[in-house]
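Just upload.txt here, compact mmCIF, C-alpha atoms and all ligand atoms:
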```
# COMPACT_ATOMS: atom_id res chain seq x y z
CA MET C 1 19.72 18.99 3.62
CA SER C 2 20.49 19.78 7.21
CA GLU C 3 18.13 22.51 8.35
CA GLN C 4 14.51 22.05 7.46
CA ASN C 5 13.31 25.13 5.69
CA GLU C 6 9.68 25.81 6.27
CA VAL C 7 7.73 24.57 3.29
CA ARG C 8 4.27 25.65 2.29
CA GLU C 9 3.31 24.46 -1.16
CA ILE C 10 0.73 22.42 -2.97
CA ARG C 11 2.30 19.43 -4.63
CA ILE C 12 0.53 17.82 -7.54
CA ASN C 13 0.53 14.04 -7.68
CA PRO C 14 2.23 13.37 -11.04
CA ILE C 15 0.11 10.30 -11.72
CA VAL C 16 -3.26 11.51 -10.48
CA PRO C 17 -3.11 15.34 -10.66
CA SER C 18 -6.49 15.75 -8.98
CA GLU C 19 -4.93 14.27 -5.85
CA SER C 20 -2.83 17.10 -4.61
CA VAL C 21 -1.18 17.53 -1.26
CA LEU C 22 -0.53 20.63 0.79
CA VAL C 23 2.91 20.29 2.28
CA ALA C 24 2.89 22.68 5.20
CA THR C 25 5.61 22.14 7.74
CA ALA C 26 4.44 24.88 10.09
CA ARG C 27 3.96 22.96 13.31
CA SER C 28 0.42 23.68 14.39
CA MET C 29 -1.22 22.76 11.09
CA ARG C 30 -2.66 19.54 12.30
CA PRO C 31 -3.44 17.67 15.51
CA LYS C 32 -0.88 14.98 16.10
CA LYS C 33 -2.34 11.73 17.10
CA ALA C 34 0.86 10.02 18.12
CA GLU C 35 0.54 10.79 21.82
CA GLU C 36 -2.89 9.28 22.14
CA LEU C 37 -2.33 6.27 19.86
CA ALA C 38 -3.65 3.15 21.48
CA PRO C 39 -0.66 0.82 21.79
CA ARG C 40 -0.82 -2.23 19.58
CA ASP C 41 -1.19 -5.70 21.01
CA THR C 42 2.25 -7.31 21.08
CA ARG C 43 1.35 -10.59 22.79
CA LYS C 44 2.54 -13.79 21.08
CA HIS C 45 -0.42 -15.98 21.90
CA VAL C 46 -3.88 -15.11 23.16
CA GLU C 47 -6.07 -17.92 24.44
CA THR C 48 -9.32 -16.29 23.33
CA CYS C 49 -8.14 -15.07 19.89
CA PRO C 50 -9.81 -16.94 17.02
CA PHE C 51 -6.75 -16.35 14.81
CA CYS C 52 -4.24 -17.88 17.23
CA ARG C 53 -3.03 -21.45 16.80
CA GLY C 54 -5.18 -23.98 18.58
CA ASN C 55 -8.36 -21.96 17.97
CA GLU C 56 -8.84 -22.99 14.36
CA HIS C 57 -12.36 -24.21 15.12
CA LYS C 58 -13.36 -20.62 15.99
CA THR C 59 -12.80 -19.22 12.49
CA PRO C 60 -15.03 -19.53 9.42
CA PRO C 61 -13.99 -22.29 6.98
CA VAL C 62 -10.33 -22.34 5.92
CA ILE C 63 -9.56 -21.50 2.28
CA LEU C 64 -5.87 -22.35 2.26
CA SER C 65 -2.97 -22.78 4.64
CA TRP C 66 0.74 -22.54 4.23
CA PRO C 67 2.63 -24.78 4.48
CA PRO C 68 -0.07 -27.23 3.38
CA GLU C 69 1.22 -29.91 5.78
CA GLY C 70 2.05 -29.63 9.46
CA ASP C 71 1.71 -26.54 11.65
CA TRP C 72 0.39 -23.63 9.62
CA GLN C 73 2.38 -20.40 9.36
CA ILE C 74 -0.15 -18.54 7.23
CA ARG C 75 -3.83 -19.33 7.14
CA MET C 76 -6.59 -17.96 4.99
CA VAL C 77 -10.25 -18.01 6.01
CA GLU C 78 -13.54 -16.51 4.92
CA ASN C 79 -14.51 -13.22 6.52
CA LEU C 80 -17.16 -13.46 9.20
CA TYR C 81 -18.48 -10.01 8.30
CA PRO C 82 -17.90 -9.66 4.56
CA VAL C 83 -18.44 -6.24 2.96
CA LEU C 84 -19.10 -7.99 -0.35
CA GLY C 85 -20.96 -11.27 -0.46
CA ASP C 86 -21.66 -14.24 -2.60
CA ASP C 87 -24.19 -14.44 -5.42
CA ARG C 88 -27.51 -13.17 -4.28
CA GLU C 89 -29.04 -13.08 -7.74
CA GLN C 90 -29.93 -9.51 -7.10
CA ALA C 91 -30.19 -7.39 -10.20
CA ASN C 92 -28.55 -3.99 -10.44
CA PHE C 93 -30.83 -1.33 -9.14
CA ASN C 94 -31.58 1.89 -11.00
CA PHE C 95 -34.14 4.37 -9.83
CA GLY C 96 -33.73 8.00 -10.77
CA LEU C 97 -30.37 9.08 -9.48
CA GLN C 98 -30.11 6.09 -7.20
CA GLN C 99 -28.01 3.53 -8.97
CA THR C 100 -26.39 0.50 -7.48
CA ILE C 101 -24.23 -2.33 -8.65
CA ASP C 102 -24.85 -5.66 -7.04
CA GLY C 103 -22.55 -6.09 -4.04
CA TYR C 104 -21.23 -9.31 -5.45
CA GLY C 105 -17.70 -10.32 -4.61
CA ARG C 106 -15.47 -11.99 -2.06
CA HIS C 107 -14.03 -10.80 1.21
CA GLU C 108 -11.44 -12.99 2.86
CA VAL C 109 -8.92 -12.81 5.66
CA ILE C 110 -5.29 -13.89 5.59
CA ILE C 111 -3.85 -14.61 9.01
CA ASP C 112 -0.34 -13.40 8.18
CA HIS C 113 1.48 -15.25 10.96
CA HIS C 114 0.66 -17.63 13.78
CA GLU C 115 2.18 -15.20 16.30
CA HIS C 116 -0.58 -12.90 17.48
CA GLY C 117 1.02 -9.46 17.65
CA ILE C 118 4.07 -9.81 15.41
CA ALA C 119 4.85 -6.79 13.20
CA VAL C 120 5.82 -7.18 9.55
CA HIS C 121 9.41 -6.09 10.18
CA GLU C 122 9.71 -8.79 12.85
CA MET C 123 8.75 -11.58 10.45
CA SER C 124 11.53 -13.48 8.68
CA GLU C 125 12.24 -12.71 5.04
CA SER C 126 11.29 -16.24 4.04
CA HIS C 127 7.99 -15.90 5.86
CA LEU C 128 7.24 -12.60 4.13
CA ALA C 129 8.14 -14.09 0.75
CA ALA C 130 5.67 -16.91 1.47
CA LEU C 131 3.03 -14.34 2.43
CA PHE C 132 3.46 -12.50 -0.88
CA GLY C 133 3.22 -15.92 -2.56
CA VAL C 134 -0.10 -16.55 -0.78
CA TYR C 135 -1.34 -13.15 -2.00
CA GLN C 136 -0.49 -14.17 -5.55
CA THR C 137 -2.03 -17.62 -5.27
CA ARG C 138 -5.32 -16.30 -3.97
CA MET C 139 -5.47 -13.42 -6.45
CA ARG C 140 -4.95 -15.86 -9.30
CA GLN C 141 -7.57 -18.28 -7.96
CA LEU C 142 -10.14 -15.52 -7.56
CA PHE C 143 -9.62 -14.10 -11.04
CA GLU C 144 -9.87 -17.59 -12.50
CA SER C 145 -12.96 -18.46 -10.46
CA ASP C 146 -15.26 -15.83 -11.95
CA GLU C 147 -14.81 -13.55 -14.91
CA ARG C 148 -17.09 -10.92 -13.35
CA LEU C 149 -14.34 -10.15 -10.85
CA LYS C 150 -12.37 -7.21 -12.24
CA TYR C 151 -10.21 -6.33 -9.30
CA VAL C 152 -8.71 -8.06 -6.29
CA LEU C 153 -7.66 -5.62 -3.60
CA ILE C 154 -5.17 -6.89 -1.05
CA PHE C 155 -4.64 -4.68 1.94
CA LYS C 156 -3.64 -4.67 5.56
CA ASN C 157 -4.75 -2.55 8.50
CA PHE C 158 -2.21 -2.77 11.29
CA GLY C 159 -2.89 -1.28 14.71
CA PRO C 160 -5.99 0.42 16.09
CA ALA C 161 -4.99 3.75 14.49
CA ALA C 162 -5.29 2.06 11.07
CA GLY C 163 -8.71 0.60 11.76
CA ALA C 164 -7.70 -2.98 12.54
CA SER C 165 -10.62 -4.46 14.45
CA ILE C 166 -8.92 -7.75 15.27
CA PRO C 167 -5.51 -7.28 16.88
CA HIS C 168 -4.05 -10.53 15.50
CA THR C 169 -1.91 -9.58 12.50
CA HIS C 170 -3.86 -10.17 9.29
CA SER C 171 -4.41 -8.94 5.74
CA GLN C 172 -7.63 -8.85 3.77
CA VAL C 173 -8.60 -9.73 0.23
CA ILE C 174 -11.57 -8.15 -1.46
CA ALA C 175 -12.51 -9.32 -4.94
CA MET C 176 -14.92 -7.01 -6.66
CA PRO C 177 -16.88 -6.61 -9.88
CA VAL C 178 -15.76 -2.98 -10.32
CA VAL C 179 -12.36 -1.28 -10.47
CA PRO C 180 -11.88 1.07 -7.49
CA GLU C 181 -11.93 4.70 -8.58
CA ASN C 182 -8.41 5.51 -7.34
CA VAL C 183 -6.91 2.57 -9.26
CA GLU C 184 -9.00 3.49 -12.28
CA ALA C 185 -7.62 7.05 -12.12
CA GLU C 186 -4.03 5.76 -11.97
CA VAL C 187 -4.67 3.38 -14.86
CA ARG C 188 -6.38 6.04 -16.99
CA ASN C 189 -3.79 8.74 -16.37
CA SER C 190 -0.78 6.50 -16.86
CA ALA C 191 -2.31 5.34 -20.16
CA MET C 192 -2.67 8.99 -21.22
CA HIS C 193 0.94 9.64 -20.26
CA PHE C 194 2.02 6.61 -22.27
CA ALA C 195 0.07 7.73 -25.34
CA LYS C 196 1.84 11.11 -25.20
CA HIS C 197 5.36 10.18 -24.13
CA HIS C 198 5.66 6.49 -25.05
CA HIS C 199 6.93 5.45 -21.66
CA CYS C 200 5.51 4.33 -18.34
CA ILE C 201 5.18 7.23 -15.88
CA PHE C 202 6.04 4.99 -12.92
CA CYS C 203 9.27 3.89 -14.64
CA ALA C 204 10.01 7.57 -15.28
CA LEU C 205 9.51 8.35 -11.60
CA ILE C 206 11.91 5.56 -10.62
CA ASP C 207 14.46 6.86 -13.12
CA GLU C 208 14.10 10.37 -11.72
CA ALA C 209 14.51 9.09 -8.17
CA LEU C 210 17.70 7.29 -9.16
CA THR C 211 19.30 9.83 -11.48
CA PHE C 212 17.76 13.28 -11.20
CA GLU C 213 19.84 16.11 -9.80
CA ALA C 214 19.10 19.83 -9.99
CA THR C 215 19.53 23.15 -8.27
CA ILE C 216 16.87 25.76 -8.90
CA TYR C 217 17.74 29.38 -8.15
CA ASP C 218 15.53 32.34 -7.51
CA ARG C 219 15.91 34.57 -10.58
CA ALA C 220 15.85 37.85 -8.65
CA SER C 221 17.91 37.10 -5.57
CA GLY C 222 20.00 34.22 -6.84
CA ALA C 223 19.20 32.25 -3.71
CA VAL C 224 18.74 28.49 -3.98
CA ARG C 225 15.01 27.79 -4.18
CA ARG C 226 15.14 24.03 -4.39
CA LYS C 227 17.83 21.44 -4.51
CA ILE C 228 17.15 17.95 -5.77
CA ASN C 229 19.80 15.40 -4.93
CA VAL C 230 20.26 12.02 -6.55
CA GLY C 231 18.43 9.38 -4.57
CA GLN C 232 16.79 11.77 -2.16
CA TYR C 233 13.43 9.99 -2.50
CA VAL C 234 14.88 6.49 -2.25
CA VAL C 235 14.21 4.79 1.08
CA GLU C 236 15.41 1.29 0.28
CA ARG C 237 16.76 -0.39 -2.79
CA GLY C 238 16.91 -4.09 -3.55
CA GLU C 239 18.02 -5.95 -6.66
CA LYS C 240 14.53 -6.01 -8.17
CA PHE C 241 12.49 -3.64 -6.02
CA ILE C 242 12.71 -0.11 -4.74
CA ALA C 243 11.00 1.79 -1.90
CA ILE C 244 10.35 5.44 -2.68
CA LYS C 245 9.00 8.38 -0.72
CA PRO C 246 6.52 10.05 -3.09
CA PHE C 247 7.20 13.71 -3.85
CA ALA C 248 3.51 14.43 -3.21
CA SER C 249 3.11 12.12 -0.19
CA ARG C 250 -0.39 12.32 1.30
CA TYR C 251 0.77 10.88 4.61
CA GLU C 252 3.82 12.04 6.53
CA TRP C 253 5.52 8.64 6.37
CA GLU C 254 3.97 7.26 3.19
CA VAL C 255 6.31 4.99 1.20
CA HIS C 256 5.69 3.09 -2.05
CA ILE C 257 7.39 -0.11 -3.14
CA LEU C 258 7.66 -0.83 -6.88
CA PRO C 259 9.44 -3.32 -9.12
CA LEU C 260 12.50 -1.67 -10.71
CA GLN C 261 11.74 -3.27 -14.06
CA HIS C 262 8.44 -2.46 -15.67
CA GLN C 263 5.68 -4.84 -14.62
CA ALA C 264 1.93 -4.16 -14.68
CA ASP C 265 0.61 -7.17 -12.83
CA PHE C 266 1.60 -8.30 -9.35
CA LEU C 267 0.79 -11.83 -10.53
CA ASP C 268 3.79 -11.63 -12.89
CA VAL C 269 6.37 -11.38 -10.09
CA ARG C 270 8.40 -14.56 -10.41
CA GLY C 271 8.65 -16.85 -7.41
CA GLU C 272 12.39 -16.34 -7.08
CA ASP C 273 11.94 -12.54 -6.93
CA LEU C 274 9.56 -12.65 -3.97
CA ALA C 275 12.57 -12.94 -1.64
CA ASP C 276 13.88 -9.56 -2.78
CA LEU C 277 10.41 -8.03 -2.40
CA ALA C 278 10.26 -9.48 1.12
CA ARG C 279 13.66 -8.03 1.96
CA VAL C 280 12.79 -4.53 0.72
CA MET C 281 9.46 -4.72 2.56
CA LYS C 282 11.00 -5.89 5.83
CA ARG C 283 13.72 -3.23 5.78
CA THR C 284 11.26 -0.48 4.83
CA MET C 285 8.88 -1.45 7.63
CA ALA C 286 11.77 -1.61 10.10
CA ARG C 287 12.78 1.94 9.11
CA LEU C 288 9.22 3.20 9.51
CA ASP C 289 8.82 1.46 12.85
CA ALA C 290 12.07 2.94 14.15
CA VAL C 291 11.26 6.50 13.04
CA ILE C 292 7.61 6.56 14.07
CA GLY C 293 8.13 4.46 17.18
CA GLY C 294 5.70 1.61 16.48
CA ALA C 295 4.16 2.04 13.07
CA GLN C 296 0.40 1.64 12.67
CA TYR C 297 -0.48 1.72 9.03
CA ASN C 298 -2.54 0.61 6.07
CA PHE C 299 -0.90 -0.91 3.06
CA PHE C 300 -2.54 -1.86 -0.18
CA LEU C 301 -1.56 -3.39 -3.47
CA HIS C 302 -2.35 -1.64 -6.73
CA SER C 303 -2.06 -3.91 -9.75
CA VAL C 304 -3.47 -3.74 -13.28
CA PRO C 305 -7.20 -4.54 -13.25
CA HIS C 306 -8.32 -7.73 -14.94
CA ASP C 307 -10.91 -6.04 -17.09
CA ALA C 308 -11.27 -5.97 -20.86
CA GLN C 309 -8.39 -3.48 -21.16
CA ARG C 310 -5.86 -5.42 -19.15
CA ALA C 311 -3.57 -6.12 -22.12
CA ALA C 312 -3.89 -2.57 -23.44
CA HIS C 313 -2.82 -1.17 -20.06
CA ALA C 314 0.09 -3.55 -19.52
CA PRO C 315 2.73 -1.22 -21.05
CA SER C 316 1.56 1.89 -19.19
CA TYR C 317 0.59 0.66 -15.71
CA HIS C 318 3.10 -0.41 -13.09
CA TRP C 319 2.00 -2.31 -9.99
CA HIS C 320 3.03 -1.01 -6.57
CA LEU C 321 2.44 -1.35 -2.88
CA GLU C 322 1.41 1.81 -1.02
CA ILE C 323 2.29 1.92 2.67
CA CYS C 324 0.43 4.65 4.58
CA PRO C 325 1.35 4.96 8.27
CA ARG C 326 -1.34 6.70 10.32
CA THR C 327 0.15 9.32 12.55
CA SER C 328 -2.57 11.96 12.56
CA ILE C 329 -6.30 12.36 12.13
CA PRO C 330 -7.73 14.10 9.06
CA THR C 331 -9.18 17.50 9.89
CA GLY C 332 -12.25 19.30 8.59
CA PHE C 333 -10.00 21.13 6.20
CA GLU C 334 -8.88 17.87 4.63
CA LEU C 335 -12.29 16.24 4.58
CA GLY C 336 -13.92 19.39 3.26
CA SER C 337 -11.36 20.22 0.60
CA GLY C 338 -10.18 16.77 -0.40
CA LEU C 339 -6.68 18.19 -0.11
CA PHE C 340 -4.33 16.11 2.01
CA VAL C 341 -2.15 18.01 4.44
CA ASN C 342 1.34 16.71 5.09
CA THR C 343 3.27 18.46 7.85
CA ILE C 344 6.63 16.83 7.15
CA ASN C 345 8.68 17.71 4.13
CA PRO C 346 8.85 14.44 2.12
CA GLU C 347 12.55 14.96 1.30
CA GLN C 348 13.32 15.23 5.00
CA ALA C 349 11.14 12.25 5.87
CA ALA C 350 13.04 10.14 3.32
CA GLU C 351 16.34 11.29 4.78
CA LYS C 352 15.25 10.27 8.29
CA LEU C 353 14.09 6.87 7.07
CA ARG C 354 17.38 6.27 5.26
CA ALA C 355 19.37 7.26 8.32
CA VAL C 356 17.96 4.43 10.46
CA GLU C 357 20.68 1.89 11.22
CA LEU C 358 19.37 -1.60 10.49
ZN ZN Q 401 -4.17 -14.12 17.92
ZN ZN Q 402 6.77 1.01 -15.55
ZN ZN Q 403 -1.55 3.37 -6.33
```
Would you write out, as structure tokens, the structure that this file holds?
Amino acid sequence: MSEQNEVREIRINPIVPSESVLVATARSMRPKKAEELAPRDTRKHVETCPFCRGNEHKTPPVILSWPPEGDWQIRMVENLYPVLGDDREQANFNFGLQQTIDGYGRHEVIIDHHEHGIAVHEMSESHLAALFGVYQTRMRQLFESDERLKYVLIFKNFGPAAGASIPHTHSQVIAMPVVPENVEAEVRNSAMHFAKHHHCIFCALIDEALTFEATIYDRASGAVRRKINVGQYVVERGEKFIAIKPFASRYEWEVHILPLQHQADFLDVRGEDLADLARVMKRTMARLDAVIGGAQYNFFLHSVPHDAQRAAHAPSYHWHLEICPRTSIPTGFELGSGLFVNTINPEQAAEKLRAVEL
């Protein structure tokens, strides 16, 4: 694909059809935020930062550090301003249409690296593998600590454009008594797909990305309407993991990382495979950073919920990491319609990401 044809179409998310995206490449569709993005903090050490080495006394109590002995590389602490808190023995509240569920849960912070402003693609592969290992360890501990916890969301906000309030690189862990609606929708719809087709829809998407090829012609004029090339959605491929540009990407530079072999639970990734995950992650983030010119993003981990149906959903759900770089601000149209607007053709975005020389 050399020339970008103007695209204006609504793309239906194959997993959650209610989440559709308007791909409209006409330039003026949306205010670009890139110019006014506050630059991220790239300093290595900041004397006053509570997350920097030497300021350990300024953080809430430590939960775990890695490595356990000597200078820490990764450090996990309680959140000073948790959105979900500890047991308050507060009953669920129901009054007319006002219903609440007790805000019970955990909210913790993982200081990803001792270097203040380091970006993910600048971390070593072994460090990233250790970070994914810390995610697993804490997820497992939380699930084992309390059976009321149904979901552990691990996410990262990087850069002011992504809502990071503390500039020191960090991820967050929120353990909650409910399954978030977007995960629930993925779980429900992939289970429906499985019941009908007897295969995992995420596995099918990976297969399509790796093998699908088609040319679709206009019946009347005979002109090529759409051409799908093998691998055109693949951004990065490792031995065990793959990074894919979703066909119905909500964000211009959105990329998802998934295990190539079916796996529902992030906790099931074997220790020796974390290195490949780290490599795919590092290379993907380096591509994004090069193309966007300093990526500010959110990423979050979607894994099978640990609720009563966990085993039933294991064949149909497939864990993944969604990386959503923030390059523009949602407009009234998006907020009012719930329809995401993407101004870059996802096929072309994938091509640009692949073209980066690493
Ligand atoms: Zn710092
Ligand atoms: Zn699968
Ligand atoms: Zn997801």
Practice problem: Enumerate residues in contact with ligand ZN 403 (chain Q): an atom-to-atom distance of at most 8 Å, counting only C-alpha atoms and all ligand atoms. Format the result as number ranges by chain. | Solution: C: 182-183, 186, 301-302, 319-322
Exercise. Do a neighbour search on region 210-226 of chain C at 12 Å with only C-alpha atoms, toss out local chain neighbours closer than 3 positions, and write the hits as JSON, numbers by chain.
Key: {"C": [1, 5, 6, 7, 203, 204, 205, 206, 207, 229, 230, 231, 232, 233, 234, 235, 236, 237, 242, 243, 244, 260, 347]}
Self-check item: Distance of CA of Asp276 (chain C) from CA of Pro325 (chain C), expressed in Å to one decimal place
Solution: 22.1 Å
Each residue of chain C lying at most 6 Å from ligand ZN 402 (chain Q) should get a row with its shortest atom-to-atom pair and the distance in Å to one decimal, counting only C-alpha atoms and all ligand atoms; could you produce that, ordered by chain and increasing number, as a tab-separated table?
```
residue	atom	partner	partner_atom	distance
C:Cys200	CA	Q:ZN402	ZN	4.5
C:Phe202	CA	Q:ZN402	ZN	4.8
C:Cys203	CA	Q:ZN402	ZN	3.9
C:His262	CA	Q:ZN402	ZN	3.9
C:His318	CA	Q:ZN402	ZN	4.6
```
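In terms of minimum interatomic distance to Val304 (chain C), C:Arg188 ranks closest within C:Arg188, C:Lys58, C:His170, C:Arg287, counting all atoms listed in the file.
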Against ligand ZN 401 (chain Q), which residues of chain C fall within 10 Å? For each one I want the closest pair of atoms and the distance in Å (one decimal), counting all atoms listed in the file, rows by chain and increasing residue number, as a tab-separated table.
```
residue	atom	partner	partner_atom	distance
C:Asp41	CA	Q:ZN401	ZN	9.5
C:Thr42	CA	Q:ZN401	ZN	9.9
C:Arg43	CA	Q:ZN401	ZN	8.2
C:Lys44	CA	Q:ZN401	ZN	7.4
C:His45	CA	Q:ZN401	ZN	5.8
C:Val46	CA	Q:ZN401	ZN	5.3
C:Glu47	CA	Q:ZN401	ZN	7.8
C:Thr48	CA	Q:ZN401	ZN	7.8
C:Cys49	CA	Q:ZN401	ZN	4.5
C:Pro50	CA	Q:ZN401	ZN	6.4
C:Phe51	CA	Q:ZN401	ZN	4.6
C:Cys52	CA	Q:ZN401	ZN	3.8
C:Arg53	CA	Q:ZN401	ZN	7.5
C:Gly54	CA	Q:ZN401	ZN	9.9
C:Asn55	CA	Q:ZN401	ZN	8.9
C:Ile111	CA	Q:ZN401	ZN	8.9
C:His113	CA	Q:ZN401	ZN	9.0
C:His114	CA	Q:ZN401	ZN	7.3
C:Glu115	CA	Q:ZN401	ZN	6.6
C:His116	CA	Q:ZN401	ZN	3.8
C:Gly117	CA	Q:ZN401	ZN	7.0
C:Ile118	CA	Q:ZN401	ZN	9.6
C:Ile166	CA	Q:ZN401	ZN	8.4
C:Pro167	CA	Q:ZN401	ZN	7.0
C:His168	CA	Q:ZN401	ZN	4.3
C:Thr169	CA	Q:ZN401	ZN	7.4
C:His170	CA	Q:ZN401	ZN	9.5
```
Listed atoms of region 152-167 of chain C boxed axis-aligned with 8 Å per side, centre + edges as AutoDock Vina command-line options:
```
--center_x -6.4 --center_y -2.2 --center_z 5.3 --size_x 24.4 --size_y 27.8 --size_z 39.2
```
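Of the residues listed (C:Thr343, C:Ser303, C:Glu334, C:Arg250), C:Arg250 shows the shortest atom-to-atom separation from Ser20 (chain C); distances use all atoms listed in the file.
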Quiz item: Of the candidates C:Tyr135, C:His107, C:Lys150, C:Pro17, which one gets nearest to Pro305 (chain C) if we count all atoms listed in the file?
Solution: C:Lys150
Exercise. Tell me which of C:Leu149, C:Gly70, C:Ala191, C:Leu288 sits closest to Glu351 (chain C), counting only C-alpha atoms.
Key: C:Leu288
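Taking all atoms listed in the file into account, Glu147 (chain C) lies nearest to C:His306 out of the set C:Lys245, C:His313, C:His306, C:Arg326.
In this comparison, which uses all atoms listed in the file, the residue of C:Phe300, C:Phe132, C:Tyr104, C:Tyr251 approaching Val341 (chain C) most closely is C:Tyr251.
The list of residues with at least one atom within 7 Å of region 75-86 of chain C, based on all atoms listed in the file and without residues fewer than 5 positions apart in the same chain, reads Pro60, Pro61, Val62, Ile63, Leu64, Ser65, Trp66, Gly103, Tyr104, Gly105, Arg106, His107, Glu108, Val109, Ile110, Ile111 and Asp112 of chain C.
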Quiz item: If you measure from CA of Ala195 (chain C) to CA of Glu208 (chain C), what distance in Å do you get, rounded to one decimal?
Solution: 19.7 Å
